[in-house]
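Novice: The structure file final-v3.txt (compact mmCIF, C-alpha atoms and all ligand atoms) is provided below.
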```
# COMPACT_ATOMS: atom_id res chain seq x y z
CA MET Y 1 90.07 117.79 107.95
CA THR Y 2 88.00 118.99 105.03
CA ILE Y 3 88.90 117.96 101.53
CA SER Y 4 89.47 120.77 99.05
CA LEU Y 5 87.80 120.95 95.65
CA LYS Y 6 91.20 120.53 94.02
CA GLU Y 7 91.92 117.34 95.99
CA LEU Y 8 88.47 116.02 95.09
CA LYS Y 9 89.06 116.64 91.38
CA ASN Y 10 92.42 114.87 91.56
CA LYS Y 11 90.83 111.69 92.93
CA SER Y 12 89.75 108.89 90.65
CA PRO Y 13 86.00 108.13 90.85
CA MET Y 14 85.08 104.45 90.65
CA PHE Y 15 83.61 104.69 87.15
CA ILE Y 16 87.02 105.51 85.65
CA SER Y 17 89.25 103.83 88.22
CA GLY Y 18 89.70 100.78 86.00
CA TYR Y 19 91.44 103.02 83.48
CA THR Y 20 94.50 105.13 83.83
CA ASN Y 21 93.00 108.61 83.87
CA VAL Y 22 94.74 111.90 83.43
CA ILE Y 23 93.46 115.44 83.88
CA VAL Y 24 93.35 117.36 80.59
CA PRO Y 25 94.10 121.06 81.06
CA ASN Y 26 91.31 123.42 79.95
CA SER Y 27 93.74 125.08 77.53
CA GLU Y 28 93.69 121.89 75.42
CA LEU Y 29 89.88 121.69 75.30
CA PRO Y 30 87.20 123.41 73.24
CA LYS Y 31 86.21 126.74 74.86
CA LYS Y 32 82.50 125.87 74.97
CA TRP Y 33 83.06 122.98 77.38
CA ASN Y 34 82.26 123.25 81.05
CA GLN Y 35 85.46 124.76 82.30
CA SER Y 36 84.43 126.43 85.53
CA GLU Y 37 86.27 125.55 88.70
CA SER Y 38 83.84 122.81 89.80
CA PHE Y 39 84.44 120.80 86.62
CA VAL Y 40 87.29 118.50 85.68
CA THR Y 41 88.06 116.75 82.38
CA LYS Y 42 90.00 113.49 82.20
CA LYS Y 43 91.21 111.33 79.36
CA ILE Y 44 90.91 107.62 79.99
CA VAL Y 45 93.67 105.23 78.97
CA CYS Y 46 93.44 101.43 78.87
CA PRO Y 47 95.66 99.58 81.38
CA CYS Y 48 97.56 98.27 78.30
CA GLY Y 49 98.52 101.87 77.45
CA SER Y 50 96.22 102.41 74.48
CA LYS Y 51 94.09 105.56 74.23
CA ASP Y 52 92.08 104.20 71.31
CA PHE Y 53 88.73 102.72 72.23
CA GLN Y 54 85.69 101.40 70.52
CA LEU Y 55 82.96 103.21 72.43
CA ASN Y 56 79.55 101.58 72.75
CA SER Y 57 76.29 103.31 73.66
CA SER Y 58 72.73 102.18 74.26
CA GLN Y 59 70.87 103.42 71.22
CA ILE Y 60 67.32 104.30 70.22
CA VAL Y 61 66.77 104.50 66.47
CA LYS Y 62 63.77 106.41 65.11
CA ILE Y 63 62.87 106.71 61.46
CA LYS Y 64 61.66 110.20 60.53
CA GLY Y 65 60.22 111.57 57.32
CA ILE Y 66 57.64 110.19 54.86
CA PHE Y 67 59.36 110.32 51.49
CA LYS Y 68 62.94 110.88 52.50
CA LYS Y 69 63.45 108.53 55.41
CA LYS Y 70 66.08 109.53 57.85
CA GLU Y 71 67.43 107.57 60.80
CA ILE Y 72 67.68 109.56 64.01
CA VAL Y 73 69.86 107.84 66.58
CA THR Y 74 69.76 108.84 70.24
CA HIS Y 75 72.75 107.75 72.29
CA LEU Y 76 72.28 106.94 75.96
CA ALA Y 77 74.20 105.33 78.80
CA PRO Y 78 75.15 102.68 79.71
CA LEU Y 79 78.40 103.23 77.85
CA THR Y 80 81.01 100.52 77.50
CA THR Y 81 84.50 100.55 76.01
CA GLU Y 82 86.42 97.92 74.10
CA CYS Y 83 90.15 98.11 73.54
CA PRO Y 84 91.12 96.60 70.17
CA LYS Y 85 94.75 96.38 71.26
CA CYS Y 86 94.33 94.06 74.27
CA ASN Y 87 90.72 92.93 73.65
CA SER Y 88 89.51 94.06 77.08
CA SER Y 89 86.08 95.54 77.61
CA ALA Y 90 84.68 97.55 80.48
CA LEU Y 91 81.61 99.40 81.66
CA LEU Y 92 82.39 103.10 81.48
CA LEU Y 93 79.25 104.86 82.66
CA ASP Y 94 75.90 103.82 84.06
CA PRO Y 95 74.17 106.73 85.86
CA THR Y 96 72.00 104.28 87.81
CA ARG Y 97 75.23 103.21 89.55
CA HIS Y 98 77.56 106.17 89.09
CA GLY Y 99 77.34 109.74 90.31
CA TRP Y 100 75.31 111.40 93.07
CA SER Y 101 71.96 109.67 92.40
CA GLY Y 102 73.61 106.35 91.60
CA GLU Y 103 75.37 106.42 94.97
CA PHE Y 104 71.98 106.89 96.62
CA GLY Y 105 70.53 103.99 94.61
CA GLU Y 106 68.23 106.20 92.57
CA SER Y 107 68.10 105.83 88.83
CA ALA Y 108 68.90 108.78 86.65
CA SER Y 109 66.49 109.51 83.84
CA LEU Y 110 66.99 108.47 80.24
CA VAL Y 111 69.09 105.39 80.65
CA GLY Y 112 68.88 103.15 77.61
CA GLU Y 113 67.46 99.66 77.72
CA ASN Y 114 69.21 98.34 74.62
CA ASP Y 115 72.56 96.60 74.91
CA PRO Y 116 75.39 98.98 74.00
CA THR Y 117 76.46 98.86 70.36
CA PRO Y 118 79.28 100.77 68.59
CA TYR Y 119 78.91 104.54 68.76
CA ALA Y 120 81.15 105.07 65.73
CA LYS Y 121 82.76 102.91 63.07
CA GLU Y 122 86.22 104.09 64.02
CA THR Y 123 88.02 103.96 67.35
CA GLY Y 124 89.01 107.11 69.18
CA GLU Y 125 89.96 108.80 72.43
CA VAL Y 126 87.40 109.06 75.21
CA LEU Y 127 87.22 112.04 77.57
CA VAL Y 128 84.97 112.50 80.58
CA ASN Y 129 84.00 115.86 82.05
CA TYR Y 130 82.31 115.83 85.45
CA SER Y 131 81.58 118.23 88.27
CA TYR Y 132 81.26 118.86 91.99
CA GLN Y 133 79.05 121.92 92.16
CA SER Y 134 77.63 123.37 95.41
CA PHE Y 135 80.71 122.36 97.33
CA GLU Y 136 78.90 122.72 100.69
CA ASN Y 137 76.97 119.53 99.81
CA TYR Y 138 80.27 117.67 99.70
CA GLU Y 139 81.28 119.09 103.05
CA ASP Y 140 77.96 117.79 104.41
CA LEU Y 141 78.62 114.31 102.98
CA GLN Y 142 82.04 114.32 104.54
CA ASN Y 143 80.57 115.33 107.91
CA GLU Y 144 78.21 112.36 107.58
CA GLY Y 145 81.26 110.11 107.35
CA ILE Y 146 81.18 109.37 103.62
CA SER Y 147 84.73 108.85 102.41
CA ASN Y 148 84.27 108.21 98.67
CA LEU Y 149 83.20 111.77 97.91
CA GLU Y 150 84.75 111.57 94.45
CA ASP Y 151 81.97 109.16 93.38
CA TYR Y 152 79.26 111.75 94.11
CA PHE Y 153 79.81 113.95 91.04
CA ASP Y 154 76.67 115.86 90.03
CA THR Y 155 77.02 116.06 86.23
CA VAL Y 156 78.94 113.96 83.74
CA THR Y 157 79.53 114.34 80.01
CA VAL Y 158 81.38 111.85 77.82
CA TYR Y 159 83.19 112.98 74.68
CA PHE Y 160 84.58 110.90 71.84
CA LYS Y 161 87.48 112.15 69.77
CA SER Y 162 88.07 110.76 66.34
CA GLY Y 163 89.32 112.36 63.14
CA ASN Y 164 86.66 115.07 63.25
CA GLY Y 165 87.48 116.38 66.70
CA TYR Y 166 85.46 116.06 69.90
CA VAL Y 167 81.83 114.94 69.83
CA GLU Y 168 79.53 114.87 72.86
CA VAL Y 169 78.18 111.32 73.30
CA VAL Y 170 76.02 111.66 76.42
CA SER Y 171 75.53 114.28 79.11
CA TYR Y 172 73.84 113.55 82.43
CA VAL Y 173 72.75 115.54 85.42
CA CYS Y 174 73.35 113.05 88.23
CA ALA Y 175 71.87 114.87 91.21
ZN ZN G 201 93.95 97.76 76.06
```
Could you spell out this file's structure in structure tokens?
Ligand SMILES: [Zn+2]
Specialist:
Amino acid sequence: MTISLKELKNKSPMFISGYTNVIVPNSELPKKWNQSESFVTKKIVCPCGSKDFQLNSSQIVKIKGIFKKKEIVTHLAPLTTECPKCNSSALLLDPTRHGWSGEFGESASLVGENDPTPYAKETGEVLVNYSYQSFENYEDLQNEGISNLEDYFDTVTVYFKSGNGYVEVVSYVCA
């Protein structure tokens, strides 16, 4: 029996299985997001029921400019979450472990080396958008006897929603 794309999108990949995760319909999302059929967007919820997280990213800070100095911060995975309500913390995304390449033990490019620190001062909702493109590859994996197909997503983008709407935190091609 071959799994359908819809069934695959309904499954809960390991990286978000520690959270309650719910599919967000495209109609509730910004139009410019990846909304084609191979993509799915989920909101993560802490097991305690809270949707409000402190999101942490691995950051690189560069100072630009000679007279007017400006800090340019690049945000990278690994991403971690902290829930202020129940004080739990969790690893959200590490492309060296999660997604197509992570499953094959290859490291994705541009993973930060610094310990994750707060992405924003405020807490907010966290959404993940990921994809299963070229569905025939997933049929091949299944024919090879791999059962956790949902963990082999090929792109992943993490969004943070605070007062100012959705902001893209990181976006990775995983395959
Ligand atoms: Zn919590």
Novice: Could you name the residues that touch range 3-6 of chain Y at 10 Å or less, counting all atoms listed in the file, but leaving out those on the same chain fewer than 4 positions away, as JSON, numbers by chain?
Specialist: {"Y": [10, 11, 37, 38, 39, 40, 132, 133, 135, 138, 139, 142, 149, 150]}
Novice: Ligand ZN 201 (chain G): which residues are within 9 Å, counting only C-alpha atoms and all ligand atoms, as a VMD selection string?
Specialist: chain Y and resid 45 to 53 82 to 89
Novice: Based on the selection just made, write C-alpha atoms of those residues as a tab-separated table (two decimals), keeping the file's coordinate frame.
Specialist:
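Result saved to part37.tsv:
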```
chain	number	residue	atom	x	y	z
Y	45	VAL	CA	93.67	105.23	78.97
Y	46	CYS	CA	93.44	101.43	78.87
Y	47	PRO	CA	95.66	99.58	81.38
Y	48	CYS	CA	97.56	98.27	78.30
Y	49	GLY	CA	98.52	101.87	77.45
Y	50	SER	CA	96.22	102.41	74.48
Y	51	LYS	CA	94.09	105.56	74.23
Y	52	ASP	CA	92.08	104.20	71.31
Y	53	PHE	CA	88.73	102.72	72.23
Y	82	GLU	CA	86.42	97.92	74.10
Y	83	CYS	CA	90.15	98.11	73.54
Y	84	PRO	CA	91.12	96.60	70.17
Y	85	LYS	CA	94.75	96.38	71.26
Y	86	CYS	CA	94.33	94.06	74.27
Y	87	ASN	CA	90.72	92.93	73.65
Y	88	SER	CA	89.51	94.06	77.08
Y	89	SER	CA	86.08	95.54	77.61
```
Novice: Just give me the gap between CA of Val173 in chain Y and CA of Thr2 in chain Y in Å, one decimal is fine.
Specialist: 25.1 Å
Novice: Just give me the gap between CA of Glu144 in chain Y and CA of Tyr130 in chain Y in Å, one decimal is fine.
Specialist: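 Between CA of Glu144 in chain Y and CA of Tyr130 in chain Y the gap is 22.8 Å.
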Novice: Using all atoms listed in the file, find the one residue out of Y:Ser131, Y:Asn148, Y:Asn21, Y:Thr74 that sits nearest to Lys9 in chain Y.
Specialist: Y:Ser131
Novice: Please provide as a list in words all residues within 12 Å of Gly102 in chain Y, with the sequence filter that same-chain residues fewer than 4 positions apart are discarded (counting only C-alpha atoms).
Specialist: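 Final neighbour list, sorted by chain and number: Met14, Phe15, Leu93, Asp94, Pro95, Thr96, Arg97, His98, Glu106, Ser107, Ala108, Ser109, Val111, Asp151, Tyr152, Phe153, Asp154, Thr155, Tyr172, Val173, Cys174 and Ala175 of chain Y.
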